[in-house]
$ cat query10.txt   # compact mmCIF, C-alpha atoms
# COMPACT_ATOMS: atom_id res chain seq x y z
CA MET A 18 0.00 0.00 0.00
CA GLN A 19 1.40 3.41 -0.93
CA LYS A 20 2.16 6.09 1.64
CA SER A 21 -0.65 8.40 0.42
CA SER A 22 -3.22 5.61 0.81
CA ARG A 23 -2.06 4.85 4.35
CA LEU A 24 -2.17 8.55 5.26
CA ALA A 25 -5.65 8.90 3.78
CA ILE A 26 -6.89 5.93 5.85
CA PHE A 27 -5.33 7.31 9.04
CA ALA A 28 -6.83 10.76 8.39
CA LEU A 29 -10.30 9.35 7.67
CA LEU A 30 -10.21 7.17 10.80
CA GLU A 31 -9.18 10.18 12.86
CA LEU A 32 -12.03 12.30 11.47
CA ALA A 33 -14.70 9.56 11.39
CA SER A 34 -14.07 8.64 15.04
CA ASP A 35 -15.88 11.91 15.87
CA PRO A 36 -17.72 13.30 12.83
CA GLU A 37 -18.68 16.49 14.70
CA ARG A 38 -15.05 17.38 15.36
CA GLN A 39 -12.89 19.54 13.10
CA VAL A 40 -9.24 18.54 12.93
CA SER A 41 -6.41 20.52 11.37
CA VAL A 42 -3.95 19.03 8.89
CA SER A 43 -1.07 19.85 11.26
CA ASP A 44 -2.72 17.91 14.13
CA ILE A 45 -3.09 14.79 11.97
CA GLY A 46 0.40 15.26 10.50
CA GLU A 47 1.92 15.51 13.96
CA LYS A 48 0.16 12.36 15.17
CA TYR A 49 1.38 10.26 12.24
CA GLY A 50 4.74 11.98 11.75
CA VAL A 51 4.16 13.32 8.22
CA SER A 52 4.60 16.73 6.65
CA ALA A 53 1.60 19.03 6.47
CA HIS A 54 2.45 19.56 2.79
CA HIS A 55 2.07 15.87 1.88
CA LEU A 56 -1.04 15.52 4.01
CA ALA A 57 -2.64 18.62 2.44
CA LYS A 58 -2.45 16.96 -0.99
CA VAL A 59 -4.05 13.80 0.43
CA MET A 60 -6.84 15.83 2.07
CA HIS A 61 -7.48 17.64 -1.20
CA THR A 62 -8.06 14.30 -2.96
CA LEU A 63 -10.35 13.12 -0.13
CA GLY A 64 -12.27 16.41 -0.38
CA ARG A 65 -12.81 15.99 -4.11
CA ALA A 66 -14.13 12.46 -3.44
CA GLY A 67 -16.63 13.88 -0.93
CA LEU A 68 -15.12 12.02 2.01
CA VAL A 69 -14.03 15.10 3.96
CA ARG A 70 -15.29 18.65 4.24
CA SER A 71 -12.94 21.57 4.76
CA ILE A 72 -13.90 24.34 7.14
CA ARG A 73 -12.12 27.64 6.67
CA GLY A 74 -11.27 30.31 9.22
CA VAL A 75 -10.11 30.32 12.82
CA GLY A 76 -10.49 26.86 14.35
CA GLY A 77 -11.07 25.46 10.89
CA GLY A 78 -9.81 22.19 9.56
CA TYR A 79 -11.44 19.10 8.18
CA SER A 80 -14.40 17.00 9.23
CA PHE A 81 -15.67 13.64 7.98
CA ALA A 82 -18.30 13.81 5.23
CA GLY A 83 -18.59 10.21 4.02
CA ASN A 84 -20.68 7.21 5.04
CA ALA A 85 -18.52 5.23 7.47
CA ARG A 86 -20.63 2.10 6.98
CA ARG A 87 -20.22 2.14 3.23
CA VAL A 88 -16.71 3.46 2.45
CA THR A 89 -14.19 0.61 2.30
CA LEU A 90 -10.40 0.55 2.43
CA LEU A 91 -10.43 -0.40 -1.26
CA ASP A 92 -12.50 2.72 -2.10
CA ILE A 93 -9.90 4.87 -0.37
CA ILE A 94 -6.88 3.14 -1.90
CA GLY A 95 -8.51 3.47 -5.34
CA LEU A 96 -8.32 7.26 -5.01
CA PHE A 97 -4.51 7.13 -4.85
CA GLU A 98 -3.42 3.98 -6.66
CA ASP A 99 -4.18 2.04 -9.80
CA ILE A 100 -6.24 -0.91 -8.58
CA SER A 101 -6.94 -2.45 -11.96
CA PRO A 102 -6.11 -6.19 -12.18
CA ALA A 103 -2.43 -6.86 -11.52
CA CYS A 104 -2.21 -9.09 -14.56
CA ALA A 105 -4.77 -8.54 -17.29
CA PRO A 106 -5.26 -11.23 -19.94
CA ARG A 107 -3.36 -10.17 -23.05
CA ASP A 108 -1.92 -11.87 -26.09
CA PRO A 109 -3.39 -15.40 -26.34
CA ASP A 110 -0.06 -16.47 -27.85
CA ALA A 111 1.90 -15.34 -24.75
CA PRO A 112 4.32 -17.96 -23.34
CA THR A 113 2.57 -20.52 -21.12
CA ALA A 114 4.81 -19.62 -18.16
CA GLU A 115 3.53 -16.05 -18.38
CA LYS A 116 -0.09 -17.25 -18.35
CA ALA A 117 0.61 -19.48 -15.33
CA LEU A 118 2.27 -16.65 -13.41
CA CYS A 119 -0.59 -14.34 -14.37
CA GLN A 120 -3.00 -16.88 -12.83
CA VAL A 121 -1.08 -16.74 -9.51
CA GLU A 122 -0.99 -12.92 -9.54
CA ALA A 123 -4.71 -12.77 -10.29
CA GLU A 124 -5.41 -15.09 -7.33
CA ILE A 125 -3.43 -12.85 -4.95
CA ASP A 126 -5.08 -9.76 -6.40
CA ASP A 127 -8.59 -11.23 -5.95
CA ILE A 128 -7.96 -12.11 -2.30
CA SER A 129 -6.45 -8.67 -1.55
CA LYS A 130 -9.38 -6.88 -3.15
CA ALA A 131 -11.95 -9.07 -1.41
CA THR A 132 -10.30 -8.24 1.92
CA LEU A 133 -9.85 -4.51 1.37
CA GLY A 134 -13.29 -4.20 -0.23
CA SER A 135 -15.02 -5.74 2.77
CA ILE A 136 -13.51 -3.58 5.51
CA THR A 137 -15.37 -0.31 6.00
CA ILE A 138 -14.28 2.71 8.02
CA SER A 139 -16.90 1.73 10.59
CA THR A 140 -15.37 -1.77 10.87
CA MET A 141 -11.88 -0.25 11.26
CA LEU A 142 -13.16 1.98 14.08
CA LYS A 143 -14.67 -1.09 15.78
CA ASN A 144 -11.37 -2.95 15.35
CA ILE A 145 -9.48 -0.03 16.92
CA ARG A 146 -11.86 -0.12 19.89
CA ARG A 147 -11.42 -3.89 20.25
CA ILE A 148 -7.61 -3.56 20.26
CA GLU A 149 -7.77 -0.73 22.83
CA GLU A 150 -10.14 -2.72 25.06
CA LYS A 151 -7.95 -5.81 24.82
CA SER A 152 -4.85 -3.76 25.77
CA ALA A 153 -6.73 -2.19 28.70
CA ARG A 154 -7.83 -5.65 29.92
CA ALA A 155 -4.28 -6.99 29.65
CA LEU A 156 -2.98 -4.00 31.59
CA GLN A 157 -5.59 -4.50 34.31
CA GLU A 158 -4.72 -8.20 34.57
CA ASP A 159 -1.01 -7.34 34.81
CA MET A 160 -1.72 -4.87 37.59
CA ALA A 161 -3.97 -7.33 39.42
CA GLY A 162 -1.44 -10.15 39.01
CA MET B 14 -20.36 4.13 15.13
CA ALA B 15 -22.05 7.34 16.28
CA ASP B 16 -23.98 7.06 19.55
CA SER B 17 -27.31 7.82 17.84
CA GLU B 18 -26.79 4.98 15.35
CA GLU B 19 -25.88 2.63 18.17
CA MET B 20 -29.01 3.61 20.12
CA LEU B 21 -31.15 3.04 17.03
CA ASP B 22 -29.55 -0.37 16.46
CA ASN B 23 -30.15 -1.39 20.06
CA ALA B 24 -33.76 -0.20 19.94
CA LEU B 25 -34.39 -2.20 16.78
CA LYS B 26 -32.67 -5.26 18.21
CA GLY B 27 -35.09 -5.10 21.13
CA ARG B 28 -37.91 -5.89 18.71
CA ILE B 29 -36.38 -9.18 17.61
CA SER B 30 -36.40 -12.43 19.49
CA ILE B 31 -33.80 -15.12 18.82
CA ARG B 32 -34.70 -18.74 19.54
CA ARG B 33 -34.11 -22.26 18.30
CA ALA B 34 -35.91 -23.20 15.09
CA ARG B 35 -39.13 -25.20 15.42
CA ALA B 36 -40.76 -27.48 12.85
CA GLU B 37 -43.42 -24.85 12.13
CA ASP B 38 -40.69 -22.34 11.10
CA LEU B 39 -39.38 -24.54 8.31
CA ASP B 40 -41.68 -23.26 5.55
CA GLN B 41 -40.65 -19.67 6.28
CA VAL B 42 -36.95 -20.62 6.42
CA ILE B 43 -37.23 -22.39 3.05
CA ALA B 44 -39.09 -19.40 1.58
CA LEU B 45 -36.52 -16.92 2.93
CA ASP B 46 -33.63 -18.99 1.56
CA ALA B 47 -35.38 -19.27 -1.81
CA LYS B 48 -35.98 -15.51 -1.85
CA VAL B 49 -32.28 -14.81 -1.22
CA THR B 50 -30.67 -17.57 -3.31
CA GLY B 51 -33.31 -18.06 -5.99
CA LEU B 52 -33.48 -21.81 -5.25
CA ALA B 53 -36.09 -23.65 -3.14
CA LYS B 54 -34.26 -26.60 -1.57
CA LEU B 55 -37.02 -28.50 0.21
CA ASP B 56 -35.18 -31.80 0.83
CA TYR B 57 -32.00 -30.01 1.90
CA TRP B 58 -33.81 -27.94 4.53
CA GLN B 59 -35.79 -30.88 5.89
CA ASP B 60 -32.52 -32.77 6.33
CA ILE B 61 -30.81 -29.73 7.93
CA PHE B 62 -33.72 -29.29 10.34
CA GLU B 63 -33.63 -32.97 11.30
CA ARG B 64 -29.87 -32.88 11.92
CA TYR B 65 -29.44 -29.47 13.52
CA ALA B 66 -32.68 -28.73 15.32
CA THR B 67 -33.54 -32.10 16.80
CA ARG B 68 -30.28 -33.89 17.72
CA ARG B 69 -27.14 -33.14 19.79
CA LEU B 70 -28.56 -29.75 20.68
CA ASP B 71 -25.73 -28.98 23.09
CA GLU B 72 -23.39 -28.48 20.12
CA ARG B 73 -25.72 -27.82 17.17
CA PHE B 74 -27.53 -24.51 16.86
CA PHE B 75 -30.23 -23.72 14.33
CA LEU B 76 -31.41 -20.28 15.44
CA VAL B 77 -34.08 -18.04 13.95
CA ALA B 78 -34.85 -14.35 14.44
CA GLU B 79 -38.55 -13.67 14.88
CA GLY B 80 -40.19 -10.26 14.78
CA SER B 81 -42.03 -9.32 17.96
CA GLU B 82 -44.38 -6.45 17.14
CA SER B 83 -46.13 -5.83 13.82
CA ASP B 84 -44.12 -8.71 12.35
CA ALA B 85 -44.61 -11.16 15.23
CA GLY B 86 -44.51 -14.73 13.95
CA THR B 87 -42.42 -13.74 10.93
CA ILE B 88 -38.98 -15.31 10.53
CA LEU B 89 -36.61 -12.43 9.69
CA GLY B 90 -33.43 -14.45 9.46
CA PHE B 91 -31.59 -17.57 10.55
CA ILE B 92 -28.11 -18.77 11.44
CA ILE B 93 -26.92 -22.36 11.76
CA GLY B 94 -23.71 -23.65 13.25
CA GLU B 95 -22.18 -26.54 15.13
CA VAL B 96 -19.13 -27.47 17.14
CA ARG B 97 -16.64 -29.31 14.92
CA GLY B 98 -13.39 -30.74 16.15
CA TRP B 99 -10.20 -32.12 14.61
CA GLU B 100 -11.03 -31.50 10.96
CA PHE B 101 -7.75 -30.56 9.26
CA GLY B 102 -6.06 -30.78 12.64
CA SER B 103 -8.14 -27.98 14.13
CA ALA B 104 -9.04 -27.97 17.81
CA PRO B 105 -12.84 -27.86 18.33
CA CYS B 106 -14.32 -24.62 17.01
CA GLY B 107 -17.75 -23.23 16.20
CA TRP B 108 -18.60 -23.48 12.50
CA VAL B 109 -21.29 -21.23 11.05
CA PHE B 110 -22.39 -22.72 7.75
CA ALA B 111 -25.68 -20.99 7.00
CA PHE B 112 -26.74 -17.41 7.56
CA SER B 113 -29.43 -15.31 5.96
CA VAL B 114 -31.45 -12.18 6.70
CA ASP B 115 -34.59 -11.08 4.89
CA PRO B 116 -33.42 -8.31 2.51
CA GLY B 117 -36.44 -6.22 3.53
CA THR B 118 -35.30 -6.12 7.16
CA ARG B 119 -31.59 -5.41 6.71
CA LEU B 120 -30.09 -2.63 8.86
CA ARG B 121 -32.48 -3.55 11.69
CA GLY B 122 -29.83 -5.44 13.61
CA VAL B 123 -31.25 -8.89 12.76
CA GLY B 124 -27.92 -10.25 11.51
CA GLU B 125 -26.02 -8.85 14.46
CA SER B 126 -28.52 -10.34 16.93
CA LEU B 127 -28.23 -13.77 15.29
CA PHE B 128 -24.44 -13.54 15.24
CA GLU B 129 -24.27 -12.55 18.92
CA ALA B 130 -26.72 -15.30 19.88
CA ILE B 131 -24.76 -18.09 18.21
CA SER B 132 -21.48 -16.65 19.61
CA ASP B 133 -23.00 -16.89 23.11
CA ARG B 134 -24.08 -20.51 22.51
CA PHE B 135 -20.62 -21.50 21.29
CA ARG B 136 -19.03 -19.78 24.31
CA ALA B 137 -21.40 -21.65 26.63
CA ALA B 138 -20.30 -24.89 24.92
CA GLY B 139 -16.70 -24.07 25.85
CA ILE B 140 -15.69 -22.91 22.37
CA ARG B 141 -13.28 -20.00 21.94
CA THR B 142 -13.01 -19.68 18.14
CA MET B 143 -15.77 -19.31 15.59
CA ARG B 144 -15.31 -19.84 11.84
CA THR B 145 -17.27 -19.46 8.65
CA MET B 146 -16.65 -19.41 4.91
CA VAL B 147 -17.79 -16.65 2.55
CA ALA B 148 -17.79 -16.47 -1.23
CA ARG B 149 -15.04 -14.03 -2.22
CA ASP B 150 -17.44 -11.93 -4.26
CA ASN B 151 -20.13 -11.84 -1.55
CA ARG B 152 -19.23 -8.35 -0.32
CA LEU B 153 -22.40 -8.09 1.79
CA HIS B 154 -21.67 -11.15 3.95
CA MET B 155 -17.93 -10.51 3.98
CA ALA B 156 -18.43 -6.92 5.19
CA PHE B 157 -20.94 -8.09 7.81
CA PHE B 158 -18.66 -10.77 9.29
CA ARG B 159 -15.73 -8.32 9.24
CA SER B 160 -17.79 -5.74 11.12
CA GLU B 161 -18.46 -8.39 13.76
CA GLY B 162 -14.72 -8.78 14.28
CA MET B 163 -14.03 -11.85 12.11
CA VAL B 164 -10.65 -11.92 10.36
CA ALA B 165 -8.89 -14.31 7.97
CA GLY B 166 -8.19 -17.57 9.77
CA PRO B 167 -5.24 -19.94 9.64
CA TYR B 168 -6.65 -22.07 6.78
CA ILE B 169 -6.91 -21.39 3.06
CA GLN B 170 -9.63 -23.12 1.08
CA LEU B 171 -8.33 -24.80 -2.10
CA GLU B 172 -10.17 -26.48 -4.92
CA LYS B 173 -9.52 -28.13 -8.27
CA SER B 174 -11.72 -28.44 -11.29
CA LEU B 175 -11.99 -32.14 -12.09
CA ASP B 176 -12.73 -31.31 -15.71
CA ASP B 177 -9.21 -29.87 -16.33
$ encode --input "query10.txt" --output "structure tokens"
Amino acid sequence: MQKSSRLAIFALLELASDPERQVSVSDIGEKYGVSAHHLAKVMHTLGRAGLVRSIRGVGGGYSFAGNARRVTLLDIIGLFEDISPACAPRDPDAPTAEKALCQVEAEIDDISKATLGSITISTMLKNIRRIEEKSARALQEDMAG
Amino acid sequence: MADSEEMLDNALKGRISIRRARAEDLDQVIALDAKVTGLAKLDYWQDIFERYATRRLDERFFLVAEGSESDAGTILGFIIGEVRGWEFGSAPCGWVFAFSVDPGTRLRGVGESLFEAISDRFRAAGIRTMRTMVARDNRLHMAFFRSEGMVAGPYIQLEKSLDD
């Protein structure tokens, strides 16, 4: 996954965790250790896709504008990367080894897309909560033990 | 999920009751399955009912979701699973092999209620891992199971066309 896609996912998770909140690019950049310049480009793309809304002025920033239960990781990645099949069928006279390797690449591609296309922002937020709760439980058990 | 959505989900879930399937539910289960899959499988469902709703009930669970207000008596969905052990070297786990929700009642928390109910039954049977299998292109089921916290397991399903 490319850096822009990862940043976009982090930014959307940050904003979608509290859709009422406005967050500045510098706040998100600081949290994930990236330049405001790079992040601004990512936010611009997300804005054009209707996933974030920019609010100008003092205290401005970005807020979440998408549907967290519908937008998947694949939708987000597709805004920044070419997600067309890794190995498209081409010349029927291509060497057999090339066709066989293409079959393997297509299999990997299908599984990746099925995974990324089934995980929504809402599911990611739930997963984050589950990880945090599990860590908190482990900490409590450590302290009790 | 926003608090308001969660409250709505919980309110809707309160109008659904989850229980074991009874013989008189079978016609509705068959009709619901036919509505979703396009195939009425009468013999298959009679056999499934016989095996999963009448025998070894401590480790076989054929659960239905029934409406409780204006749709009382209506089967809104079902889930079926059983405890399976030592297949492919796996320690006993809970296998969910059938799951369906009436398309007209989706987003009412029916699927989530069924999923939670069968999870509770597996837990009570001493099971700590639950598994299922989903068609790769079935985004609806895949997204649902993911949202319930399911992730890719340690096995990969393989197949071979016997015509090749």
$ interface_residues --input "query10.txt" --of "chain A" --to "chain B" --cutoff "6 Å" --atoms "all atoms listed in the file" --output "PyMOL selection string"
chain A and resi 131+135-136+140
$ residues_around --input "query10.txt" --residues "region 101-112 of chain A" --least-positions-apart "6" --cutoff "10 Å" --atoms "all atoms listed in the file" --output "ChimeraX atom specification"
/A:95,118-127,130
$ atom_distance --input "query10.txt" --atom1 "CA of Pro167 (chain B)" --atom2 "CA of Asn144 (chain A)"
18.9 Å
$ residues_around --input "query10.txt" --residues "Thr145 (chain B)" --least-positions-apart "5" --cutoff "8 Å" --atoms "only C-alpha atoms" --output "count of residues only"
3
$ atom_distance --input "query10.txt" --atom1 "CA of Val96 (chain B)" --atom2 "CA of Arg73 (chain B)"
6.6 Å
$ decode --input "query10.txt" --residues "region 29-161 of chain A" --atoms "C-alpha atoms" --output "PDB file, in the first residue's frame"
ATOM      1  CA  LEU A  29     -10.297   9.347   7.674  1.00  0.00           C
ATOM      2  CA  LEU A  30     -10.214   7.168  10.801  1.00  0.00           C
ATOM      3  CA  GLU A  31      -9.182  10.181  12.858  1.00  0.00           C
ATOM      4  CA  LEU A  32     -12.031  12.304  11.470  1.00  0.00           C
ATOM      5  CA  ALA A  33     -14.703   9.563  11.388  1.00  0.00           C
ATOM      6  CA  SER A  34     -14.075   8.644  15.035  1.00  0.00           C
ATOM      7  CA  ASP A  35     -15.877  11.907  15.870  1.00  0.00           C
ATOM      8  CA  PRO A  36     -17.716  13.302  12.825  1.00  0.00           C
ATOM      9  CA  GLU A  37     -18.676  16.492  14.699  1.00  0.00           C
ATOM     10  CA  ARG A  38     -15.048  17.378  15.360  1.00  0.00           C
ATOM     11  CA  GLN A  39     -12.889  19.538  13.101  1.00  0.00           C
ATOM     12  CA  VAL A  40      -9.245  18.542  12.926  1.00  0.00           C
ATOM     13  CA  SER A  41      -6.406  20.518  11.372  1.00  0.00           C
ATOM     14  CA  VAL A  42      -3.953  19.028   8.892  1.00  0.00           C
ATOM     15  CA  SER A  43      -1.070  19.845  11.260  1.00  0.00           C
ATOM     16  CA  ASP A  44      -2.718  17.907  14.126  1.00  0.00           C
ATOM     17  CA  ILE A  45      -3.093  14.791  11.974  1.00  0.00           C
ATOM     18  CA  GLY A  46       0.400  15.256  10.498  1.00  0.00           C
ATOM     19  CA  GLU A  47       1.916  15.513  13.965  1.00  0.00           C
ATOM     20  CA  LYS A  48       0.162  12.360  15.172  1.00  0.00           C
ATOM     21  CA  TYR A  49       1.382  10.256  12.240  1.00  0.00           C
ATOM     22  CA  GLY A  50       4.745  11.980  11.747  1.00  0.00           C
ATOM     23  CA  VAL A  51       4.158  13.317   8.225  1.00  0.00           C
ATOM     24  CA  SER A  52       4.603  16.729   6.647  1.00  0.00           C
ATOM     25  CA  ALA A  53       1.601  19.031   6.474  1.00  0.00           C
ATOM     26  CA  HIS A  54       2.450  19.559   2.793  1.00  0.00           C
ATOM     27  CA  HIS A  55       2.074  15.867   1.885  1.00  0.00           C
ATOM     28  CA  LEU A  56      -1.041  15.519   4.007  1.00  0.00           C
ATOM     29  CA  ALA A  57      -2.639  18.617   2.441  1.00  0.00           C
ATOM     30  CA  LYS A  58      -2.454  16.957  -0.985  1.00  0.00           C
ATOM     31  CA  VAL A  59      -4.048  13.801   0.431  1.00  0.00           C
ATOM     32  CA  MET A  60      -6.842  15.825   2.070  1.00  0.00           C
ATOM     33  CA  HIS A  61      -7.481  17.644  -1.197  1.00  0.00           C
ATOM     34  CA  THR A  62      -8.061  14.305  -2.959  1.00  0.00           C
ATOM     35  CA  LEU A  63     -10.346  13.119  -0.134  1.00  0.00           C
ATOM     36  CA  GLY A  64     -12.270  16.406  -0.377  1.00  0.00           C
ATOM     37  CA  ARG A  65     -12.814  15.987  -4.111  1.00  0.00           C
ATOM     38  CA  ALA A  66     -14.129  12.459  -3.439  1.00  0.00           C
ATOM     39  CA  GLY A  67     -16.629  13.883  -0.927  1.00  0.00           C
ATOM     40  CA  LEU A  68     -15.123  12.017   2.007  1.00  0.00           C
ATOM     41  CA  VAL A  69     -14.029  15.104   3.962  1.00  0.00           C
ATOM     42  CA  ARG A  70     -15.293  18.652   4.236  1.00  0.00           C
ATOM     43  CA  SER A  71     -12.940  21.574   4.757  1.00  0.00           C
ATOM     44  CA  ILE A  72     -13.900  24.336   7.140  1.00  0.00           C
ATOM     45  CA  ARG A  73     -12.116  27.642   6.668  1.00  0.00           C
ATOM     46  CA  GLY A  74     -11.266  30.306   9.221  1.00  0.00           C
ATOM     47  CA  VAL A  75     -10.115  30.318  12.823  1.00  0.00           C
ATOM     48  CA  GLY A  76     -10.486  26.862  14.350  1.00  0.00           C
ATOM     49  CA  GLY A  77     -11.070  25.465  10.889  1.00  0.00           C
ATOM     50  CA  GLY A  78      -9.812  22.188   9.564  1.00  0.00           C
ATOM     51  CA  TYR A  79     -11.445  19.096   8.182  1.00  0.00           C
ATOM     52  CA  SER A  80     -14.403  17.002   9.230  1.00  0.00           C
ATOM     53  CA  PHE A  81     -15.669  13.640   7.982  1.00  0.00           C
ATOM     54  CA  ALA A  82     -18.299  13.814   5.235  1.00  0.00           C
ATOM     55  CA  GLY A  83     -18.588  10.213   4.019  1.00  0.00           C
ATOM     56  CA  ASN A  84     -20.685   7.210   5.037  1.00  0.00           C
ATOM     57  CA  ALA A  85     -18.520   5.232   7.469  1.00  0.00           C
ATOM     58  CA  ARG A  86     -20.630   2.096   6.983  1.00  0.00           C
ATOM     59  CA  ARG A  87     -20.221   2.141   3.227  1.00  0.00           C
ATOM     60  CA  VAL A  88     -16.713   3.456   2.445  1.00  0.00           C
ATOM     61  CA  THR A  89     -14.190   0.607   2.301  1.00  0.00           C
ATOM     62  CA  LEU A  90     -10.402   0.552   2.435  1.00  0.00           C
ATOM     63  CA  LEU A  91     -10.434  -0.400  -1.264  1.00  0.00           C
ATOM     64  CA  ASP A  92     -12.501   2.715  -2.096  1.00  0.00           C
ATOM     65  CA  ILE A  93      -9.895   4.874  -0.366  1.00  0.00           C
ATOM     66  CA  ILE A  94      -6.884   3.139  -1.905  1.00  0.00           C
ATOM     67  CA  GLY A  95      -8.505   3.468  -5.340  1.00  0.00           C
ATOM     68  CA  LEU A  96      -8.317   7.255  -5.013  1.00  0.00           C
ATOM     69  CA  PHE A  97      -4.514   7.130  -4.848  1.00  0.00           C
ATOM     70  CA  GLU A  98      -3.421   3.977  -6.661  1.00  0.00           C
ATOM     71  CA  ASP A  99      -4.180   2.041  -9.797  1.00  0.00           C
ATOM     72  CA  ILE A 100      -6.241  -0.909  -8.580  1.00  0.00           C
ATOM     73  CA  SER A 101      -6.938  -2.445 -11.964  1.00  0.00           C
ATOM     74  CA  PRO A 102      -6.111  -6.191 -12.178  1.00  0.00           C
ATOM     75  CA  ALA A 103      -2.435  -6.864 -11.517  1.00  0.00           C
ATOM     76  CA  CYS A 104      -2.207  -9.086 -14.564  1.00  0.00           C
ATOM     77  CA  ALA A 105      -4.768  -8.544 -17.290  1.00  0.00           C
ATOM     78  CA  PRO A 106      -5.256 -11.229 -19.936  1.00  0.00           C
ATOM     79  CA  ARG A 107      -3.361 -10.167 -23.049  1.00  0.00           C
ATOM     80  CA  ASP A 108      -1.918 -11.866 -26.087  1.00  0.00           C
ATOM     81  CA  PRO A 109      -3.393 -15.400 -26.344  1.00  0.00           C
ATOM     82  CA  ASP A 110      -0.064 -16.469 -27.853  1.00  0.00           C
ATOM     83  CA  ALA A 111       1.904 -15.339 -24.748  1.00  0.00           C
ATOM     84  CA  PRO A 112       4.319 -17.956 -23.339  1.00  0.00           C
ATOM     85  CA  THR A 113       2.568 -20.520 -21.123  1.00  0.00           C
ATOM     86  CA  ALA A 114       4.811 -19.622 -18.157  1.00  0.00           C
ATOM     87  CA  GLU A 115       3.534 -16.045 -18.381  1.00  0.00           C
ATOM     88  CA  LYS A 116      -0.090 -17.248 -18.346  1.00  0.00           C
ATOM     89  CA  ALA A 117       0.608 -19.484 -15.335  1.00  0.00           C
ATOM     90  CA  LEU A 118       2.267 -16.646 -13.406  1.00  0.00           C
ATOM     91  CA  CYS A 119      -0.591 -14.345 -14.373  1.00  0.00           C
ATOM     92  CA  GLN A 120      -2.997 -16.880 -12.825  1.00  0.00           C
ATOM     93  CA  VAL A 121      -1.084 -16.740  -9.515  1.00  0.00           C
ATOM     94  CA  GLU A 122      -0.990 -12.919  -9.544  1.00  0.00           C
ATOM     95  CA  ALA A 123      -4.714 -12.770 -10.294  1.00  0.00           C
ATOM     96  CA  GLU A 124      -5.409 -15.091  -7.332  1.00  0.00           C
ATOM     97  CA  ILE A 125      -3.433 -12.854  -4.947  1.00  0.00           C
ATOM     98  CA  ASP A 126      -5.080  -9.755  -6.397  1.00  0.00           C
ATOM     99  CA  ASP A 127      -8.590 -11.229  -5.949  1.00  0.00           C
ATOM    100  CA  ILE A 128      -7.959 -12.106  -2.302  1.00  0.00           C
ATOM    101  CA  SER A 129      -6.454  -8.671  -1.547  1.00  0.00           C
ATOM    102  CA  LYS A 130      -9.376  -6.881  -3.148  1.00  0.00           C
ATOM    103  CA  ALA A 131     -11.951  -9.068  -1.411  1.00  0.00           C
ATOM    104  CA  THR A 132     -10.300  -8.244   1.919  1.00  0.00           C
ATOM    105  CA  LEU A 133      -9.847  -4.511   1.366  1.00  0.00           C
ATOM    106  CA  GLY A 134     -13.289  -4.200  -0.231  1.00  0.00           C
ATOM    107  CA  SER A 135     -15.024  -5.744   2.772  1.00  0.00           C
ATOM    108  CA  ILE A 136     -13.514  -3.579   5.505  1.00  0.00           C
ATOM    109  CA  THR A 137     -15.368  -0.314   6.001  1.00  0.00           C
ATOM    110  CA  ILE A 138     -14.283   2.713   8.019  1.00  0.00           C
ATOM    111  CA  SER A 139     -16.897   1.734  10.590  1.00  0.00           C
ATOM    112  CA  THR A 140     -15.366  -1.770  10.866  1.00  0.00           C
ATOM    113  CA  MET A 141     -11.884  -0.254  11.258  1.00  0.00           C
ATOM    114  CA  LEU A 142     -13.159   1.977  14.081  1.00  0.00           C
ATOM    115  CA  LYS A 143     -14.671  -1.086  15.782  1.00  0.00           C
ATOM    116  CA  ASN A 144     -11.370  -2.955  15.355  1.00  0.00           C
ATOM    117  CA  ILE A 145      -9.479  -0.032  16.916  1.00  0.00           C
ATOM    118  CA  ARG A 146     -11.864  -0.120  19.890  1.00  0.00           C
ATOM    119  CA  ARG A 147     -11.422  -3.889  20.252  1.00  0.00           C
ATOM    120  CA  ILE A 148      -7.612  -3.555  20.255  1.00  0.00           C
ATOM    121  CA  GLU A 149      -7.772  -0.733  22.832  1.00  0.00           C
ATOM    122  CA  GLU A 150     -10.144  -2.719  25.058  1.00  0.00           C
ATOM    123  CA  LYS A 151      -7.947  -5.812  24.819  1.00  0.00           C
ATOM    124  CA  SER A 152      -4.853  -3.762  25.768  1.00  0.00           C
ATOM    125  CA  ALA A 153      -6.730  -2.193  28.695  1.00  0.00           C
ATOM    126  CA  ARG A 154      -7.832  -5.649  29.919  1.00  0.00           C
ATOM    127  CA  ALA A 155      -4.284  -6.991  29.646  1.00  0.00           C
ATOM    128  CA  LEU A 156      -2.985  -3.995  31.588  1.00  0.00           C
ATOM    129  CA  GLN A 157      -5.593  -4.503  34.310  1.00  0.00           C
ATOM    130  CA  GLU A 158      -4.722  -8.198  34.565  1.00  0.00           C
ATOM    131  CA  ASP A 159      -1.014  -7.340  34.810  1.00  0.00           C
ATOM    132  CA  MET A 160      -1.715  -4.868  37.592  1.00  0.00           C
ATOM    133  CA  ALA A 161      -3.974  -7.328  39.420  1.00  0.00           C
TER     134      ALA A 161
END
